Amino acid sequence: MPLLFRGRIYGANLLLRIQLTVEQLVVDFDVLRAVDQVTLQLERGQIGCLLGPSGCGKTTVLRTIAGFELPLQGRILIREREVSRAGWGLPPEQRRVGMVFQDYALFPHLNVSDNIAFGLSTKSVRKSRERVAQLLELVDMQAYQKAYPHQLSGGQQQRVALARAMAPRPDLLLLDEPFGSQDAELREQLAKEVRSLLREDSITALLVTHDQFEAFAMADCIGVMNRGQLHQWGSAYELYHRPADLFVGDFIGQGTLLPATRAGSNSIRTELGEFSGQIVNDLNGDRFNLLIRPDDVIHDDTANTTAKIVDRAFRGAEFLYTLALPSGNRILCMAPSHHDHKVGQEIGIRLDVEHLVLFAEPAATPIDKPDESGLD
Amino acid sequence: MSATAWVELHAPVGGDAPVLRAGGDWRIVNAGQLDSELTRLDVPGDRVVVDMAALESLDTAGAWLLYRTLKLFEAQHKKIALRGARNEHHAMLREVAANDSPCEIAPPQVNTVVRVVLAVGRATVDALRAGRDFVIFFGAAVVTFLRVLLQPRRLRWNSLVYQMEQVGFNALPIVGLIAFLIGVVLAYQGAVQLQRLGAEVFVVDLIAVSVLREVGILLTAIVVAGRSGSAFTAQIGSMKANEEVDALRTLGMDPMDILVLPRVLALVITLPMLAFFADMMGLLGGGLMAWVVLDISPAMFVERLRHAVTVWSFLVGIIKAPFFAVVIALVGCHEGLQVTGSAESVGSRTTRAVVEAIFLVIVLDAAFSIFFSVVGV
């Protein structure tokens, strides 16, 4: 009997590698469609992130997973258990989901230890005390265990909120703009800290942010959302080098579009020459825009293509130059900061494009095509 | 800087297209003048050349005027050619064109009757919906209560005792004072009226019956609704606004168990006690006034009291207390849980809670009056 029992548990563990499944989720607020056909999946121990401008529906996805909103369509599974389907949802308190709120939502009348212990079962005082001590050590807050939330700094409250959410060992941890109210410098550091904390406990987590650097610092998988739709779900590298569409290409990192025509099966021609490489998103037709990232453009004094500097920004290790090509199109160039050139100067450039990311040309209006020769 | 802007139309020469030349300072300062000139413009033929070579400066207002003109040409099915635009002017034009979002739906114009009917209909639906939500909430509270009866360990005893102190013990002075003063007022007013009939001694009946049956409990309920019902809404509402209620739920706790039930039970236990205290204070005030104004001694008062009231006069008042308590506490907690986000919402919900609770208490009291008169108590 025990053997069979163990076998079943073992098998179940294998099946339970997928911790979170969201299938074709649709959420409406009155007449507004907040979330439109969002599908994603997280494996055990993975950290996912929903990234997008404010009002894109990312927080609504999170709150629907937590059980605070009901979906109109689609379903949500946590460890293979259906927790939400169209018009129905298990109440949040029965989902075994932890959540860290934007403003932490610590209980103001309880001290740090009591806040962390709040979600723990009161059956065994000793066990609960052990768990609190363990978490205090994990988030490095032992010295403050008797302090009240208003006596702590934002970063410390953040860590207490994280410990409180982790205390009952939830199946899934949700973080809503967890570093939203921190200074820019602190953010990335905190994001890395939190990532290692989650890693140590191999917790599956989904966070929501509008800051791409935070997302890059924390997440294994990033989903870019806009107007309720999930545009792409992939690693940071994928999003940057193989954006699925113009919105993702524009939202992640910097870049410019350069008109291009097809030259061969895997090469295209632009005013800066012909490039061959892997075409990321093949399009029909032969007029496109090629996405050029600042790091694709290399400053090279020996190159025979030149461009005029129209703007520059000092970035510490690099200069970000805005260059005007002879045709008037503009591209960005990242150059080591000891190449100090003035605005107005012509510099030599060379393109090193590995991934050819093509987008269809936006529909042309008369204004979009400067036409000097037109009717003369 | 020359701050003039101009636009001129060169009539077609031979087979050429007419040329529209724009020049000078196309910025917002000149937009009014340019607007009227452009609207007066009438370009013949099915082709037009727009020459921007003489443009000195262009801001979004100027670019918009230009773009609008081009759109107009396009709507007239003219072939348009742009000429001589500087890069920066072209970029500005493109930017404005990209941000052009025409209003596709005209704002509806509704007549007054329809609007009034619409408003009444909406308000009715909202009220019915609020009623339905409250009934659902009541049901959830009953279920939670039954669950606690089966597993008393689920109840937050600390919270219950704390709330009993807050809503019960701490309310004693104000409830006592008000009941005492109302007793005084009843005795005095009664005395003035009954003296004219020579029936002074019936003032005792007046005080006893009105205080015990109605005034004691009703005043207590109203004071408690203003004092504790509003406090429930404010406490739970600010927790809701700070997402503490959501935090509770993600920690696996039901706000019904943690927040609502202790408050409801605390009020159900303490309101009858407060009502009893108010009855006694009311009789004390009335008795004192009867002694001072009508010279009815305390011994006579008590003697008369025995004839005036039965145990049912007292019970009719006290029986109502737990029902009022449930209404006040549930309305307070329900409104608190309805709070969304802002601090302003906490304020408006608190006001609503007090008004609704007092209204419902009086409706319930009227229903009890009818019920008791039917059963003949």
# chains A, B, ... in the order shown; residues from 1 in each chain; ligands from 1
$ closest_atom_pairs --of "chain B" --to "chain A" --cutoff "6 Å" --atoms "only C-alpha atoms" --output "JSON lines"
{"residue": "B:Ala81", "atom": "CA", "partner": "A:Gly374", "partner_atom": "CA", "distance": 5.6}
{"residue": "B:Leu82", "atom": "CA", "partner": "A:Asp371", "partner_atom": "CA", "distance": 5.8}
{"residue": "B:Arg83", "atom": "CA", "partner": "A:Glu372", "partner_atom": "CA", "distance": 5.2}
{"residue": "B:Asn242", "atom": "CA", "partner": "A:Ala105", "partner_atom": "CA", "distance": 5.7}
{"residue": "B:Glu243", "atom": "CA", "partner": "A:Ala105", "partner_atom": "CA", "distance": 5.5}
{"residue": "B:Glu244", "atom": "CA", "partner": "A:Ala105", "partner_atom": "CA", "distance": 4.9}
{"residue": "B:Arg249", "atom": "CA", "partner": "A:Glu93", "partner_atom": "CA", "distance": 4.6}
{"residue": "B:Thr250", "atom": "CA", "partner": "A:Glu93", "partner_atom": "CA", "distance": 5.3}
{"residue": "B:Leu251", "atom": "CA", "partner": "A:Gly119", "partner_atom": "CA", "distance": 4.9}
{"residue": "B:Gly252", "atom": "CA", "partner": "A:Glu93", "partner_atom": "CA", "distance": 3.9}
{"residue": "B:Met253", "atom": "CA", "partner": "A:Glu93", "partner_atom": "CA", "distance": 5.5}
$ write_last_selection --atoms "N, CA and C atoms" --output "short mmCIF file (atom, residue, chain, number, x, y, z; two decimals), in the first residue's frame"
data_model
loop_
_atom_site.label_atom_id
_atom_site.label_comp_id
_atom_site.auth_asym_id
_atom_site.auth_seq_id
_atom_site.Cartn_x
_atom_site.Cartn_y
_atom_site.Cartn_z
N ALA B 81 0.72 66.65 -55.03
CA ALA B 81 2.16 66.45 -54.98
C ALA B 81 2.75 67.48 -54.00
N LEU B 82 3.58 66.99 -53.10
CA LEU B 82 4.25 67.89 -52.16
C LEU B 82 5.60 68.26 -52.75
N ARG B 83 5.98 69.50 -52.56
CA ARG B 83 7.24 69.91 -53.16
C ARG B 83 8.01 70.80 -52.18
N ASN B 242 -6.65 50.13 1.02
CA ASN B 242 -5.21 49.82 1.09
C ASN B 242 -4.89 48.42 0.58
N GLU B 243 -5.87 47.76 0.02
CA GLU B 243 -5.72 46.38 -0.49
C GLU B 243 -5.45 45.38 0.62
N GLU B 244 -5.67 45.79 1.90
CA GLU B 244 -5.45 44.83 2.99
C GLU B 244 -6.46 43.70 2.94
N ARG B 249 -7.31 37.88 1.73
CA ARG B 249 -7.89 36.79 0.94
C ARG B 249 -6.81 35.94 0.30
N THR B 250 -5.72 36.61 -0.22
CA THR B 250 -4.67 35.80 -0.83
C THR B 250 -3.91 35.00 0.22
N LEU B 251 -4.02 35.41 1.49
CA LEU B 251 -3.38 34.62 2.55
C LEU B 251 -4.30 33.48 3.01
N GLY B 252 -5.41 33.32 2.28
CA GLY B 252 -6.28 32.19 2.58
C GLY B 252 -7.33 32.48 3.64
N MET B 253 -7.55 33.74 3.95
CA MET B 253 -8.53 34.08 4.98
C MET B 253 -9.76 34.67 4.32
#
$ select_by_dssp --residues "stretch 56-96 of chain B" --states "helix (DSSP H, G or I)" --output "VMD selection string"
chain B and resid 60 to 75 87 to 96
$ closest_residue --among "B:Gly336, B:Glu8, B:Phe232, B:His90" --to "B:Ser348" --atoms "only C-alpha atoms"
B:Gly336
$ atom_distance --atom1 "atom CA of A:Ala307" --atom2 "atom CA of A:Cys333"
10.4 Å
$ select_by_dssp --residues "stretch 10-180 of chain B" --states "strand (DSSP E or B)" --output "count of residues only"
26
$ closest_residue --among "B:Gly139, B:Pro262, B:Pro255, B:Pro108" --to "B:Val161" --atoms "only C-alpha atoms"
B:Pro262
$ atom_distance --atom1 "atom CA of A:Glu238" --atom2 "atom CA of A:Asp311"
29.1 Å
